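Read through the structure below, which is laid out as structure tokens, and then see the notes.
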Amino acid sequence: MHYIGIDIGSTASKVSVLDDEELKLNFVMPTGWSSVETSNIIRKRLEKEGIDIEKARIVATGYGRVSVPYAHKTVTEITCHGKGAYFLTGSHMTTVIDIGGQDTKVITVEEGKVTSFIMNDKCAAGTGRFLELMANTLGVSLNDMCQMALKGRDISITSMCTVFAESEVISLIGRGAKREDIARGVLNSIIGRIKTLLNKQGIKGEIYLTGGLCELDPFIELLSKSLNQRVSTSSLARYAGSIGGALMARNIV
Amino acid sequence: MGDYRDMWKNLGMDLEKHDVLCEALPQAFGDIYLSQENRPDAMNYFNYALAEVHGARIQEIQEEKNNGKKVIGTFCVFVPDEVILAAGAVGVGLCSGSQFWIADGEKVLPRNLCPLVKAFVGAKVSRTCPYFQSCDMIVGETTCDGKKKAYEIMEEYVPVHIMELPQMKREKNYEEWQDEIKLFIKKMEELTGNKITVERLRETIDLCNRKRRALKRLYDLRKNIPSPISGLDALLVSQIAFMDDIERFIEKTNELCDELEDRVKTPNANGMKRIMITGTPMAVPNWKLHSIIEGLGAEVVVEETCTGTRYFENEVSSEGDTIDDLVRNLADRYMNINCACFTPNRGRIDDILRYAEEYDVDGVIYYNLSFCHTYAIEYGKVEKALKEKNIPLLNIETDYSEEDAGQIKTRVEAFLEMI
């Protein structure tokens with residue numbers, strides 16, 4: 001029997017497959033403009049991998065969770081990230097930071113169960129989308145921007161809003177500020193937002209980063225430094241939501 | 001709805017714009033209310049009252065005006081209806097819950113302001129609310145900075161009387177509120193030409209107490225597991241209470257309660273999570289949070305808000321032989337409302353904890369209209385108190401727009417998965 005978690009995020013869609021023993025498969029693809037279209041492509045891909053969709057148990061999560069017609073159940077990404085992070089860390093007490101395309105969440109997970117959570121307000125500041133936009137403005141890749149930031153001086157981007165922050169970056173470029181410094185400012189800005197959420201929520205146990213930024217080592221380094229606490233993650237952490245979904249699919253009778 | 005165009009025209013309304021508002025409401029009401037299953041039959045009256053909210057009820061009010069009665073608009077549960085009624089006037093609640101009015105409100109107000117204030121100002125400025133257009137005077141109160149300053153703008157459109165609500169609950173503040181009520185009595189006597197006698201005031205105290213009792217009875221019935229009425233329906237009853245004829249409202253609410261009493265004799269366990277909402281008011285047609293929560297299969301069983309318990313809790317004593325005695329009774333009851341405009345406001349936390357137990361709730365959702373600072377700040381105290389009792393809490397800050405409905409749905413859904 002296969003248990004499948006499908007996490008349709010605002011930017012990327014993640015899929016994880018479990019059997020009764022272990023994690024068998026993970027893949028990611030851009031969500032694109034239509035979640036329904038994306039869920040069809042996922043279905044084909046799963047069939048190509050030799051998975052019998054008809055026999056599998058499927059949980060959909062993420063903002064596009066209602067657009068997966070072949071899912072048996074939908075669960076919010078908050079619960080799924082909690083389950084997924086517990087599976088990946090195995091620790092009794094974890095504070096999960098999930099930086100998504102359109103929102104950032106801090107989730108307290110105790111024994112695999114979400115005990116409280118907090119999300120940023122309805123705006124893109126402090127999200128993955130913010131970083132992507134800023135990298136674009138600087139004309140570099142996300143990874144390069146993070147590398148640059150390590151070499152930069154601390155400057156602050158003061159605008160709370162993504163749109164205004166972008167014009168602030170443009171005027172910094174205009175004034176001839178070094179790209180490294182601006183990159184550092186961009187990262188400081190998002191880290192500041194995360195810190196605010198963490199302070200509100202309170203840190204319990206280890207901090208674990210999930211979501212699309214989990215493989216950006218320079219970002220994790222700066223985040224750990226700023227929090228005075230090591231932030232752990234793994235290359236599978238981007239799949240925390242879909243893994244959590246697959247785990248929950250095991251409970252479907 | 002009948003043809004009320006001539007009446008609206010006579011009220012000086014912007015008919016074209018008002019048509020746009022009238023078109024949107026039946027669709028929303030149908031989707032949110034009429035689609036509910038197993039509604040009490042007695043809700044038919046409240047469906048009717050809502051459908052005719054700008055029609056038949058306004059016609060009644062016009063008839064009263066033709067008979068020489070004055071119409072008084074209010075915005076807050078602190079303004080004593082007893083005084084308005086004792087002067088032989090009609091009172092209507094003018095708080096506005098529609099996104100429709102925001103754009104017009106923003107013509108004269110800053111954007112970063114509470115949607116309730118923007119909406120009631122927009123309703124007046126755009127001449128699309130027949131209640132507003134019917135008012136001979138509006139009564140403001142100093143509960144929040146936004147409203148306080150908005151009344152200065154209102155003054156350009158309609159006579160305004162402001163009651164200065166104290167912001168602390170010391171003995172001297174109770175006395176100050178008594179003085180304010182006396183000034184209000186004087187103002188109402190001048191406006192209507194009617195003397196407010198001890199007998200008349202005692203009668204209207206009894207009348208308003210009967211209204212409170214009917215609402216309390218409805219809320220007490222919601223303590224049953226499962227609640228015999230949806231949170232959406234109970235909210236609608238509360239909202240209608242602010243504009244309906246009082247005697248009829250009491251009768252219809254009691255009829256509803258009779259039916260609900262029959263229902264609770266044969267409870268059908270539904271396993272739904274029971275939710276308390278606490279925070280800022282939900283004026284008609286603001287059904288946003290209730291419809292999200294109940295759409296996800298949970299039930300709202302109590303609202304600790306101005307469109308909930310704060311409106312009907314505690315009665316006014318009718319003991320006493322003089323106007324001064326009755327005014328003291330009024331002040332004692334109204335000053336006991338636990339609004340976040342007071343400092344400190346420990347009473348509200350006690351209320352929330354008591355309701356959590358009485359209504360046997362599984363979780364609390366803190367409802368904060370955007371830019372309502374007093375409630376937003378008080379969240380911290382409420383959070384701490386609920387954490388100590390291990391009662392799960394979710395904070396939702398939102399306005400009247402539908403833009404964030406998806407995000408709120410995700411939060412509420414995750415909250416329900418968690419508790």
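Each chain in the structure tokens gets a letter, A, B and so on, in the order shown; residues start at 1 in every chain, and ligands are counted from 1 in the order they appear.
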Neighbours of stretch 259-268 of chain B within 9 Å (only C-alpha atoms; same-chain residues fewer than 4 positions away dropped), as a compact mmCIF listing (two decimals) with N, CA and C atoms, in the first residue's frame?
# COMPACT_ATOMS: atom_id res chain seq x y z
N PRO B 40 -34.08 26.13 12.82
CA PRO B 40 -35.36 26.23 13.53
C PRO B 40 -36.38 26.98 12.66
N ASP B 41 -37.64 26.54 12.71
CA ASP B 41 -38.69 27.21 11.93
C ASP B 41 -38.82 28.68 12.33
N ALA B 42 -38.63 28.93 13.63
CA ALA B 42 -38.82 30.30 14.13
C ALA B 42 -37.78 31.27 13.58
N LEU B 218 -31.91 32.76 25.00
CA LEU B 218 -31.36 32.17 23.77
C LEU B 218 -29.93 31.67 24.02
N LEU B 221 -29.65 28.55 26.11
CA LEU B 221 -29.98 27.34 25.36
C LEU B 221 -28.77 26.84 24.56
N ASN B 224 -26.41 23.97 25.73
CA ASN B 224 -26.66 22.55 25.54
C ASN B 224 -25.65 21.95 24.56
N ILE B 225 -25.39 20.65 24.74
CA ILE B 225 -24.50 19.94 23.82
C ILE B 225 -25.31 18.90 23.07
N PRO B 226 -25.45 19.02 21.75
CA PRO B 226 -25.01 20.16 20.93
C PRO B 226 -25.94 21.35 21.11
N SER B 227 -25.46 22.51 20.68
CA SER B 227 -26.31 23.70 20.71
C SER B 227 -27.49 23.48 19.77
N PRO B 228 -28.70 23.85 20.18
CA PRO B 228 -29.86 23.64 19.31
C PRO B 228 -29.95 24.65 18.17
N ILE B 229 -29.01 25.59 18.12
CA ILE B 229 -29.06 26.63 17.07
C ILE B 229 -27.63 26.93 16.63
N ASN B 254 -38.54 34.84 21.99
CA ASN B 254 -39.08 33.85 22.91
C ASN B 254 -39.72 32.67 22.17
N GLU B 255 -40.37 32.98 21.05
CA GLU B 255 -40.93 31.88 20.23
C GLU B 255 -39.80 30.96 19.77
(message) Distance cut-off 12 Å, counting only C-alpha atoms - which residues of chain B neighbour chain A? Return them as a VMD selection string.
(response) chain B and resid 296 363 370 379 to 380 383 387 390 to 399 402 to 419
Selection from above, C-alpha atoms, as a short mmCIF file (atom, residue, chain, number, x, y, z; two decimals), in the first residue's frame, can you write it?
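The resulting file, out19.cif, is reproduced below:
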data_model
loop_
_atom_site.label_atom_id
_atom_site.label_comp_id
_atom_site.auth_asym_id
_atom_site.auth_seq_id
_atom_site.Cartn_x
_atom_site.Cartn_y
_atom_site.Cartn_z
CA LEU B 296 -15.50 23.86 8.65
CA GLY B 363 -11.38 26.62 22.02
CA SER B 370 -8.11 45.68 12.13
CA TYR B 379 -5.16 40.06 23.57
CA GLY B 380 -1.98 39.50 25.57
CA GLU B 383 -3.88 34.82 26.02
CA LYS B 387 -3.00 29.51 28.67
CA ASN B 390 -5.09 25.21 29.05
CA ILE B 391 -7.80 26.60 26.82
CA PRO B 392 -6.65 26.79 23.17
CA LEU B 393 -6.77 30.25 21.59
CA LEU B 394 -6.46 31.57 18.04
CA ASN B 395 -6.07 35.23 17.13
CA ILE B 396 -7.77 36.50 13.98
CA GLU B 397 -7.29 40.10 12.94
CA THR B 398 -9.34 41.05 9.93
CA ASP B 399 -11.64 43.59 8.31
CA GLU B 402 -13.06 38.87 1.56
CA GLU B 403 -9.41 39.00 0.42
CA ASP B 404 -8.07 37.17 3.44
CA ALA B 405 -10.90 34.63 3.74
CA GLY B 406 -8.66 31.84 2.38
CA GLN B 407 -5.90 32.51 4.90
CA ILE B 408 -8.34 32.77 7.79
CA LYS B 409 -9.91 29.50 6.71
CA THR B 410 -6.51 27.79 6.81
CA ARG B 411 -5.81 29.15 10.29
CA VAL B 412 -9.19 28.18 11.67
CA GLU B 413 -8.98 24.75 10.04
CA ALA B 414 -5.52 24.15 11.54
CA PHE B 415 -6.84 25.35 14.90
CA LEU B 416 -9.71 22.87 14.72
CA GLU B 417 -7.27 20.09 13.77
CA MET B 418 -5.16 21.05 16.78
CA ILE B 419 -7.83 21.16 19.51
#
(message) Which of stretch 160-207 of chain B end up as strand (DSSP E) when DSSP is run on this backbone - answer as a list of chain:residue names?
(response)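 Across stretch 160-207 of chain B, those assigned strand (DSSP E) are B:Val160, B:His161, B:Ile162, B:Met163.
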Could the residues in this selection be written to a file with C-alpha atoms, as a short mmCIF file (atom, residue, chain, number, x, y, z; two decimals), in the first residue's frame?
data_model
loop_
_atom_site.label_atom_id
_atom_site.label_comp_id
_atom_site.auth_asym_id
_atom_site.auth_seq_id
_atom_site.Cartn_x
_atom_site.Cartn_y
_atom_site.Cartn_z
CA VAL B 160 -24.92 64.74 17.18
CA HIS B 161 -25.01 64.31 20.95
CA ILE B 162 -21.92 62.81 22.55
CA MET B 163 -21.86 60.98 25.88
#
(request) Name the residues of stretch 101-242 of chain B that fall into alpha helix (DSSP H) according to DSSP on the backbone, using the chain letters and numbers of this document, as a ChimeraX atom specification. (result) /B:102-108,115-125,130-134,145-154,171-192,198-221,231-241
